[in-house]
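Peer 1: Structure file query_27.csv (CSV, C-alpha atoms and all ligand atoms) right here:
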chain,number,residue,atom,x,y,z
K,1,MET,CA,394.1,232.0,91.5
K,2,ILE,CA,397.2,232.1,93.6
K,3,LEU,CA,400.1,229.8,92.6
K,4,ASP,CA,402.2,228.6,95.6
K,5,LEU,CA,405.5,227.1,94.7
K,6,ASP,CA,407.8,225.1,96.9
K,7,ILE,CA,411.0,224.4,95.0
K,8,GLY,CA,413.0,221.8,96.9
K,9,ASN,CA,416.2,220.0,96.1
K,10,THR,CA,414.4,217.0,94.6
K,11,LEU,CA,410.8,218.0,93.9
K,12,SER,CA,409.2,221.3,93.0
K,13,LYS,CA,405.7,221.2,94.4
K,14,TRP,CA,402.9,223.6,93.5
K,15,ARG,CA,399.3,224.2,94.4
K,16,LEU,CA,396.6,226.5,93.1
K,17,LYS,CA,394.6,228.4,95.7
K,18,ASP,CA,391.3,230.2,95.1
K,19,VAL,CA,391.7,233.9,96.0
K,20,ASP,CA,388.0,234.3,96.8
K,21,THR,CA,387.2,231.1,98.7
K,22,SER,CA,390.7,230.2,100.0
K,23,GLU,CA,390.2,226.6,98.8
K,24,ILE,CA,393.0,224.6,97.3
K,25,ARG,CA,392.0,223.8,93.7
K,26,SER,CA,394.8,221.6,92.4
K,27,ARG,CA,398.3,220.4,93.2
K,28,GLY,CA,401.3,218.8,91.5
K,29,ALA,CA,405.0,218.2,91.5
K,30,VAL,CA,407.8,218.2,89.0
K,31,TRP,CA,411.5,217.2,89.4
K,32,THR,CA,413.5,220.3,90.3
K,33,ARG,CA,416.1,219.8,87.6
K,34,GLU,CA,413.5,219.6,84.8
K,35,GLU,CA,412.3,222.4,82.7
K,36,TRP,CA,408.8,223.7,83.2
K,37,ARG,CA,407.5,222.6,79.8
K,38,PRO,CA,403.9,222.9,78.7
K,39,GLY,CA,402.2,219.5,78.9
K,40,ALA,CA,404.2,218.5,81.9
K,41,ASP,CA,402.4,218.4,85.3
K,42,ILE,CA,402.4,222.2,85.6
K,43,PRO,CA,399.6,224.6,86.5
K,44,ASN,CA,397.7,226.5,83.9
K,45,LEU,CA,399.2,230.0,84.2
K,46,GLU,CA,396.3,231.7,82.4
K,47,VAL,CA,394.3,231.5,85.7
K,48,VAL,CA,397.0,232.7,88.0
K,49,GLU,CA,397.1,236.3,89.3
K,50,SER,CA,399.8,236.0,91.8
K,51,VAL,CA,402.7,233.6,92.7
K,52,ARG,CA,404.4,233.0,96.0
K,53,ILE,CA,407.7,231.1,96.0
K,54,SER,CA,409.9,229.3,98.4
K,55,SER,CA,413.1,228.0,96.8
K,56,VAL,CA,416.1,226.2,98.2
K,57,ALA,CA,417.3,225.2,94.7
K,58,ARG,CA,420.3,226.8,93.0
K,59,ARG,CA,420.0,230.6,92.4
K,60,ALA,CA,419.8,230.0,88.6
K,61,VAL,CA,416.7,227.8,89.0
K,62,LEU,CA,414.9,230.4,91.0
K,63,GLU,CA,416.0,233.2,88.6
K,64,GLU,CA,414.7,231.3,85.5
K,65,THR,CA,411.5,230.5,87.3
K,66,VAL,CA,410.9,234.1,88.4
K,67,GLN,CA,411.8,235.4,84.9
K,68,LEU,CA,409.3,233.1,83.2
K,69,LEU,CA,406.6,233.9,85.7
K,70,ARG,CA,407.0,237.7,85.6
K,71,GLN,CA,406.2,237.6,81.9
K,72,ARG,CA,402.9,235.9,82.5
K,73,VAL,CA,401.7,236.8,86.0
K,74,GLY,CA,400.8,240.1,87.7
K,75,ALA,CA,402.6,239.7,91.0
K,76,VAL,CA,405.5,237.4,92.0
K,77,TYR,CA,406.5,237.2,95.7
K,78,VAL,CA,409.7,235.4,96.6
K,79,ALA,CA,410.2,234.5,100.3
K,80,SER,CA,413.6,235.0,101.9
K,81,SER,CA,415.1,234.4,105.3
K,82,THR,CA,415.3,237.6,107.3
K,83,PRO,CA,416.6,238.6,110.7
K,84,GLU,CA,413.0,238.9,112.0
K,85,ALA,CA,409.5,238.2,110.7
K,86,LEU,CA,406.0,237.8,112.3
K,87,GLY,CA,407.3,237.9,115.8
K,88,VAL,CA,410.1,235.4,115.3
K,89,THR,CA,413.8,236.3,115.4
K,90,ASN,CA,416.1,234.2,113.2
K,91,GLY,CA,418.7,232.3,115.3
K,92,TYR,CA,421.3,232.1,112.6
K,93,GLU,CA,424.5,234.2,112.8
K,94,GLU,CA,423.9,235.0,109.2
K,95,PRO,CA,420.0,234.9,109.0
K,96,GLU,CA,419.9,235.0,105.2
K,97,ARG,CA,421.7,231.7,105.1
K,98,LEU,CA,419.0,229.8,106.9
K,99,GLY,CA,417.1,227.7,104.3
K,100,VAL,CA,413.9,229.6,103.5
K,101,ASP,CA,411.9,226.4,103.7
K,102,ARG,CA,413.0,226.0,107.3
K,103,TRP,CA,412.2,229.7,108.0
K,104,LEU,CA,408.7,229.4,106.5
K,105,GLY,CA,408.1,226.3,108.5
K,106,VAL,CA,409.1,228.0,111.7
K,107,LEU,CA,407.0,231.0,110.9
K,108,ALA,CA,403.9,228.9,110.1
K,109,GLY,CA,404.5,226.8,113.3
K,110,TYR,CA,404.8,230.0,115.4
K,111,GLN,CA,401.7,231.5,113.9
K,112,GLN,CA,399.7,228.4,114.5
K,113,VAL,CA,400.8,227.4,118.1
K,114,GLY,CA,403.5,229.8,119.2
K,115,ALA,CA,406.7,228.2,120.5
K,116,CYS,CA,407.3,224.9,118.8
K,117,CYS,CA,409.6,222.4,117.2
K,118,ALA,CA,409.3,222.2,113.4
K,119,VAL,CA,410.6,219.2,111.6
K,120,ASP,CA,410.8,218.9,107.8
K,121,CYS,CA,411.4,215.3,106.4
K,122,GLY,CA,412.4,216.0,102.8
K,123,SER,CA,415.6,215.5,100.9
K,124,ALA,CA,417.1,216.5,104.2
K,125,ILE,CA,415.6,216.2,107.6
K,126,THR,CA,415.7,219.6,109.4
K,127,ILE,CA,414.7,220.2,113.0
K,128,ASP,CA,414.2,223.8,114.1
K,129,PHE,CA,413.1,225.3,117.4
K,130,VAL,CA,411.3,228.6,118.4
K,131,LEU,CA,411.0,229.5,122.1
K,132,PRO,CA,408.1,231.4,123.7
K,133,GLY,CA,408.6,235.0,122.8
K,134,GLY,CA,409.7,234.1,119.3
K,135,ARG,CA,413.4,233.3,119.6
K,136,HIS,CA,414.4,230.8,116.9
K,137,LEU,CA,417.3,228.8,118.3
K,138,GLY,CA,418.6,227.4,115.0
K,139,GLY,CA,418.4,223.7,114.4
K,140,TYR,CA,419.8,220.5,113.0
K,141,ILE,CA,420.2,219.2,109.4
K,142,LEU,CA,420.6,215.5,108.7
K,143,PRO,CA,420.2,213.5,105.5
K,144,GLY,CA,416.6,212.5,104.5
K,145,LEU,CA,415.6,208.9,104.3
K,146,ARG,CA,416.2,208.7,100.6
K,147,LEU,CA,419.6,210.3,100.8
K,148,MET,CA,420.7,208.0,103.6
K,149,LYS,CA,419.6,205.0,101.5
K,150,GLU,CA,421.3,206.2,98.4
K,151,SER,CA,424.6,206.9,100.2
K,152,LEU,CA,424.9,203.3,101.1
K,153,LYS,CA,425.0,202.3,97.4
K,154,LEU,CA,423.6,198.8,98.1
K,155,GLY,CA,421.1,199.0,95.2
K,156,THR,CA,418.2,199.5,97.6
K,157,ARG,CA,417.3,203.0,96.6
K,158,ASN,CA,414.1,202.2,94.7
K,159,VAL,CA,412.5,200.4,97.6
K,160,ALA,CA,410.8,203.1,99.6
K,161,ILE,CA,409.7,202.6,103.2
K,162,ASP,CA,406.0,201.8,103.1
K,163,PRO,CA,404.3,204.8,104.8
K,164,ASP,CA,401.6,202.4,106.2
K,165,SER,CA,404.0,200.0,107.9
K,166,GLU,CA,403.9,199.8,111.6
K,167,PRO,CA,406.8,201.3,113.5
K,168,GLU,CA,407.2,198.1,115.5
K,169,GLU,CA,408.0,196.3,112.2
K,170,LEU,CA,410.4,198.9,111.1
K,171,LEU,CA,412.5,199.0,114.3
K,172,VAL,CA,413.3,195.2,114.5
K,173,PRO,CA,416.6,193.9,113.0
K,174,GLY,CA,416.3,193.4,109.2
K,175,ARG,CA,416.9,189.9,107.8
K,176,ARG,CA,417.4,191.0,104.2
K,177,THR,CA,419.5,193.9,102.9
K,178,VAL,CA,416.6,196.0,101.9
K,179,GLU,CA,415.0,195.5,105.2
K,180,ALA,CA,418.2,196.1,107.2
K,181,VAL,CA,418.8,199.3,105.3
K,182,ASN,CA,415.2,200.5,105.6
K,183,HIS,CA,415.1,199.7,109.3
K,184,GLY,CA,418.5,201.3,109.9
K,185,ILE,CA,417.7,204.6,108.3
K,186,TYR,CA,414.3,204.7,109.9
K,187,MET,CA,415.8,204.1,113.3
K,188,ALA,CA,418.4,206.9,112.6
K,189,ALA,CA,415.8,209.4,111.6
K,190,VAL,CA,413.3,208.6,114.4
K,191,SER,CA,415.8,208.4,117.2
K,192,ALA,CA,417.6,211.6,116.1
K,193,ILE,CA,414.3,213.5,116.2
K,194,ASN,CA,413.2,212.0,119.6
K,195,ARG,CA,416.6,212.8,121.1
K,196,VAL,CA,417.0,216.3,119.8
K,197,TYR,CA,413.5,217.2,120.8
K,198,ALA,CA,414.0,215.9,124.4
K,199,GLU,CA,417.5,217.5,124.7
K,200,VAL,CA,416.3,221.0,123.6
K,201,CYS,CA,413.1,220.9,125.7
K,202,ASP,CA,415.3,219.9,128.7
K,203,SER,CA,418.0,222.5,128.2
K,204,GLU,CA,415.5,225.3,127.5
K,205,GLY,CA,413.1,224.2,130.3
K,206,VAL,CA,410.0,224.1,128.1
K,207,ALA,CA,407.8,221.4,126.6
K,208,LEU,CA,407.2,222.3,123.0
K,209,PRO,CA,404.5,221.3,120.5
K,210,LEU,CA,406.0,219.3,117.7
K,211,MET,CA,405.0,219.6,114.0
K,212,LEU,CA,406.2,217.7,111.0
K,213,THR,CA,406.1,218.3,107.2
K,214,GLY,CA,407.8,217.0,104.0
K,215,GLY,CA,407.5,213.9,101.8
K,216,ASP,CA,408.5,211.5,104.6
K,217,ALA,CA,406.6,213.2,107.5
K,218,ARG,CA,403.9,210.6,107.8
K,219,VAL,CA,406.1,207.6,108.0
K,220,VAL,CA,408.6,209.3,110.3
K,221,ALA,CA,405.8,210.6,112.6
K,222,ARG,CA,404.6,207.0,113.2
K,223,GLY,CA,407.8,206.2,115.0
K,224,LEU,CA,407.8,209.2,117.3
K,225,GLN,CA,407.0,208.8,121.0
K,226,VAL,CA,405.9,212.3,121.8
K,227,PRO,CA,402.6,214.0,120.7
K,228,HIS,CA,402.9,215.7,117.3
K,229,ALA,CA,400.9,216.9,114.3
K,230,VAL,CA,401.7,216.3,110.6
K,231,TRP,CA,401.1,219.4,108.4
K,232,PRO,CA,401.9,218.7,104.7
K,233,ASP,CA,401.4,222.3,103.7
K,234,MET,CA,403.5,223.9,106.5
K,235,VAL,CA,405.9,225.6,104.0
K,236,TYR,CA,402.9,226.9,102.1
K,237,GLY,CA,401.6,228.1,105.5
K,238,GLY,CA,404.7,230.2,105.9
K,239,LEU,CA,404.1,231.7,102.4
K,240,GLU,CA,400.5,232.5,103.4
K,241,ALA,CA,401.6,234.2,106.6
K,242,CYS,CA,404.3,236.2,104.9
K,243,PHE,CA,402.3,237.3,101.9
K,244,PRO,CA,398.6,237.1,102.9
K,245,LEU,CA,396.3,237.6,99.9
K,246,THR,CA,392.9,236.1,100.8
K,247,ALA,CA,390.5,237.3,103.5
K,248,ALA,CA,391.2,234.1,105.5
K,249,GLU,CA,395.0,234.6,105.2
K,250,ARG,CA,394.7,238.2,106.4
K,251,ALA,CA,392.8,236.9,109.4
K,252,GLY,CA,395.8,234.6,110.1
K,253,ARG,CA,394.3,231.3,108.9
K,254,MET,CA,396.5,229.0,107.0
K,255,ALA,CA,395.1,226.2,104.8
K,256,GLY,CA,395.3,222.7,106.2
K,257,ALA,CA,396.8,223.9,109.5
K,258,PRO,CA,396.3,221.0,111.9
K,259,CYS,CA,395.2,220.9,115.6
K,260,VAL,CA,398.5,220.4,117.3
K,261,PRO,CA,398.3,218.3,120.5
K,262,SER,CA,399.7,219.7,123.7
K,263,PRO,CA,403.1,218.4,124.5
K,264,VAL,CA,403.6,216.0,127.4
K,265,ALA,CA,404.8,217.6,130.7
K,266,LEU,CA,408.5,218.7,130.8
K,267,GLU,CA,409.1,216.3,133.7
K,268,LYS,CA,408.1,213.4,131.6
K,269,ILE,CA,410.3,214.5,128.7
K,270,ARG,CA,413.2,214.8,131.2
K,271,ALA,CA,412.4,211.5,132.8
K,272,GLY,CA,412.5,209.8,129.3
K,273,LEU,CA,415.8,211.5,128.5
K,274,ALA,CA,417.4,210.4,131.9
K,275,PHE,CA,416.1,206.9,131.3
K,276,SER,CA,417.6,206.6,127.8
K,277,MET,CA,421.0,207.9,129.1
K,278,LEU,CA,421.1,205.3,131.9
K,279,LEU,CA,420.6,202.3,129.7
J,301,LIG,N1,407.1,210.9,94.4
J,301,LIG,C1,408.2,211.1,95.2
J,301,LIG,N2,409.4,211.4,94.6
J,301,LIG,C2,410.5,211.6,95.4
J,301,LIG,N3,410.4,211.5,96.7
J,301,LIG,C3,409.3,211.1,97.3
J,301,LIG,C4,408.1,210.9,96.6
J,301,LIG,N4,407.1,210.6,97.4
J,301,LIG,C5,407.7,210.6,98.7
J,301,LIG,N5,409.0,210.9,98.6
J,301,LIG,C6,409.9,210.9,99.7
J,301,LIG,O1,409.9,212.3,100.1
J,301,LIG,C7,411.2,212.7,100.4
J,301,LIG,C8,411.4,214.0,99.7
J,301,LIG,O2,410.5,214.9,100.4
J,301,LIG,P1,410.1,216.3,99.8
J,301,LIG,O3,409.1,216.1,98.7
J,301,LIG,O4,409.7,217.1,101.0
J,301,LIG,O5,411.5,216.7,99.2
J,301,LIG,P2,412.0,218.1,98.7
J,301,LIG,O6,411.0,219.1,98.8
J,301,LIG,O7,412.7,217.9,97.5
J,301,LIG,O8,413.0,218.3,99.9
J,301,LIG,P3,413.8,219.5,100.1
J,301,LIG,O9,412.8,220.6,100.1
J,301,LIG,O10,414.4,219.2,101.4
J,301,LIG,O11,414.7,219.6,99.0
J,301,LIG,C9,412.2,211.6,99.9
J,301,LIG,O12,413.0,211.3,100.9
J,301,LIG,C10,411.3,210.5,99.5
J,301,LIG,O13,411.5,209.3,100.3
J,302,LIG,C1,418.7,222.0,104.4
J,302,LIG,C2,417.8,222.2,103.2
J,302,LIG,C3,418.4,221.5,102.0
J,302,LIG,C4,416.4,221.5,103.5
J,302,LIG,O1,415.6,221.6,102.4
J,302,LIG,C5,417.5,223.7,102.9
J,302,LIG,O2,416.9,224.3,104.0
J,302,LIG,C6,418.8,224.5,102.7
J,302,LIG,O3,419.3,224.4,101.6
J,302,LIG,N1,419.2,225.3,103.7
J,302,LIG,C7,420.4,226.1,103.6
J,302,LIG,C8,421.4,225.7,104.7
J,302,LIG,C9,420.9,226.0,106.1
J,302,LIG,O4,419.6,226.0,106.3
J,302,LIG,O5,421.7,226.2,107.0
J,303,K,K,411.1,220.8,101.9
Here is a file; write its structure as structure tokens.
Peer 2:
Amino acid sequence: MILDLDIGNTLSKWRLKDVDTSEIRSRGAVWTREEWRPGADIPNLEVVESVRISSVARRAVLEETVQLLRQRVGAVYVASSTPEALGVTNGYEEPERLGVDRWLGVLAGYQQVGACCAVDCGSAITIDFVLPGGRHLGGYILPGLRLMKESLKLGTRNVAIDPDSEPEELLVPGRRTVEAVNHGIYMAAVSAINRVYAEVCDSEGVALPLMLTGGDARVVARGLQVPHAVWPDMVYGGLEACFPLTAAERAGRMAGAPCVPSPVALEKIRAGLAFSMLL
């Protein structure tokens, strides 16, 4: 088995992938600040031959995790942001400072569809762009839905936005605090993504396919106007592309990669942008 680990700021997510069949066998998540104790929701390391890790947690968390795993598992691969990989050039002035989850998302997106916009709706919402030819432009970082809500300190943090609610309901004025906060942060996230997407496509002169990942991807995606795909395993896809171990991975196939709809024509994106500026 391959153990894929995505250590985020809030949650550390893992999945076990069968080396022979490329199937995903199990998944789980633990809070990042907690220890990896036996009995918790952690994978059985007895069956693991290799581990691939994406981590944006503090250095000490990664070091402890790697140390623990090296004693038990044959091969441990740790992803890092580099100046260039898989045909993509990193747009950061200091490439190693780009969050590796963003880098892996961008690499997975580029491998799947070529030039694209990759959005991660996690603890933070990140929006990254890669142009045809593989130039990563850099991107945007804003607080995630949960962070925005917590920062208001109105005692509404435990009421999550229902991922099944209709965007029309979420975009109307709230008539209770919880509702006003939920609708406000939803509007903030959705309109930021819509605007940034349109601005960058306009200024670069290219309509880009749009992909979303992260814990809040589904609910945020429902409010977007442009065609898009949700890919929960996008960061894992980057790990598969960087460290291919199965036959399918060596052939460039990433687990759970979605069919990404073609973007609308650039003229339409530009018209939408011009319209929203006039109002
Ligand atoms: N069980 C859960 N626990 C915490 N957050 C959850 C849960 N389910 C959904 N979420 C939502 O997912 C978001 C966190 O997404 P994700 O799991 O991608 O975070 P993360 O990996 O810790 O983020 P990052 O990698 O940016 O640190 C939160 O904003 C929250 O609203
Ligand atoms: C922005 C987050 C927290 C999103 O998970 C992560 O990608 C990160 O810690 N990045 C480092 C800073 C940067 O990407 O510029
Ligand atoms: K993430």
Peer 1: When you look at K:Gln112 with a cut-off of 12 Å (counting only C-alpha atoms), what residues show up, excluding the ones that are within fewer than 3 positions of it in the same chain? I need them as a ChimeraX atom specification.
Peer 2: /K:86,105-109,115-118,209-211,229,231,234,237-238,240-241,252-261
Peer 1: Which residue, K:Tyr77, K:Tyr197, K:Tyr236, K:Phe275, has the smallest gap to ligand K 303 (chain J) when you use only C-alpha atoms and all ligand atoms?
Peer 2: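 Checking each of K:Tyr77, K:Tyr197, K:Tyr236, K:Phe275 against ligand K 303 (chain J), counting only C-alpha atoms and all ligand atoms, the winner is K:Tyr236.
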Peer 1: Set the distance at 9 Å and use all atoms listed in the file: which residues neighbour K:Gly134 once local chain neighbours fewer than 3 positions away are removed? I'd like the list as a list in words.
Peer 2: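 Here the answer would be Leu86, Gly87, Val88, Thr89, Asn90, Tyr110, Gly114, Ala115, Val130 and Leu131 of chain K.
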Peer 1: I'd like the contact shell of K:Glu96 - 8 Å cut-off, only C-alpha atoms, skipping same-chain residues fewer than 3 positions apart - returned as a list in words.
Peer 2: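 Final neighbour list, sorted by chain and number: Ser80, Ser81, Thr82, Pro83 and Gly99 of chain K.
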Peer 1: Counting only C-alpha atoms and all ligand atoms, what are the residues of chain K within 7 Å of ligand K 303 (chain J), and for each of them which pair of atoms is the nearest and at what distance in Å, to one decimal? Sort the table by chain and rising number, as a Markdown table.
Peer 2:
| residue | atom | partner | partner_atom | distance |
| --- | --- | --- | --- | --- |
| K:Gly8 | CA | J:K303 | K | 5.4 |
| K:Asp101 | CA | J:K303 | K | 5.9 |
| K:Asp120 | CA | J:K303 | K | 6.2 |
| K:Gly122 | CA | J:K303 | K | 5.1 |
| K:Gly214 | CA | J:K303 | K | 5.5 |
Peer 1: Let me have all residues with an atom within 7 Å of ligand LIG 302 (chain J), counting all atoms listed in the file, laid out as an MDAnalysis selection string.
Peer 2: chainID K and resid 8:9 56 97:102 122:126 141
Peer 1: What lies within 9 Å of stretch 202-207 of chain K using only C-alpha atoms, ignoring chain neighbours under 4 positions off, as a list of chain:residue names?
Peer 2: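 Here the answer would be K:Cys116, K:Leu131, K:Pro132, K:Tyr197, K:Ala198, K:Ser262, K:Pro263, K:Val264, K:Ala265, K:Leu266, K:Glu267, K:Ile269, K:Arg270, K:Leu273.
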Peer 1: Find the residues near ligand LIG 301 (chain J). Use a cut-off of 10 Å, count all atoms listed in the file, and write them as a count of residues only.
Peer 2: 51
Peer 1: If you measure from atom CA of K:Trp14 to atom CA of K:Gly28, what distance in Å do you get, rounded to one decimal?
Peer 2: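 Calculated distance between atom CA of K:Trp14 and atom CA of K:Gly28 is 5.4 Å.
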Peer 1: Do you have the atom CA of K:Met277-atom CA of K:Ser191 distance handy?
Peer 2: 13.0 Å
Peer 1: Which residues come within 6 Å of K:Ile127, counting only C-alpha atoms, excluding same-chain residues fewer than 3 positions away, as a compact mmCIF listing (two decimals) with C-alpha atoms, in the coordinates of the input?
Peer 2:
# COMPACT_ATOMS: atom_id res chain seq x y z
CA ALA K 118 409.30 222.20 113.40
CA VAL K 119 410.60 219.20 111.60
CA GLY K 139 418.40 223.70 114.40
CA TYR K 140 419.80 220.50 113.00
Peer 1: Just checking: using only C-alpha atoms, which residue out of K:Asp20, K:Glu249, K:Glu179, K:Asp128 ends up closest to K:Gln111?
Peer 2: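 Under the stated criterion, the closest residue is K:Glu249.
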Peer 1: What's the separation between atom CA of K:Asn44 and atom CA of K:Asp233, in Å to one decimal place?
Peer 2: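 Spanning atom CA of K:Asn44 to atom CA of K:Asp233 is a straight-line distance of 20.6 Å.
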Peer 1: Go through K:Val190, K:Leu3, K:Val226, K:Leu45 and flag the residue nearest K:Leu245, using all atoms listed in the file for the distances.
Peer 2: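 Among the listed residues, the smallest separation from K:Leu245 belongs to K:Leu3.
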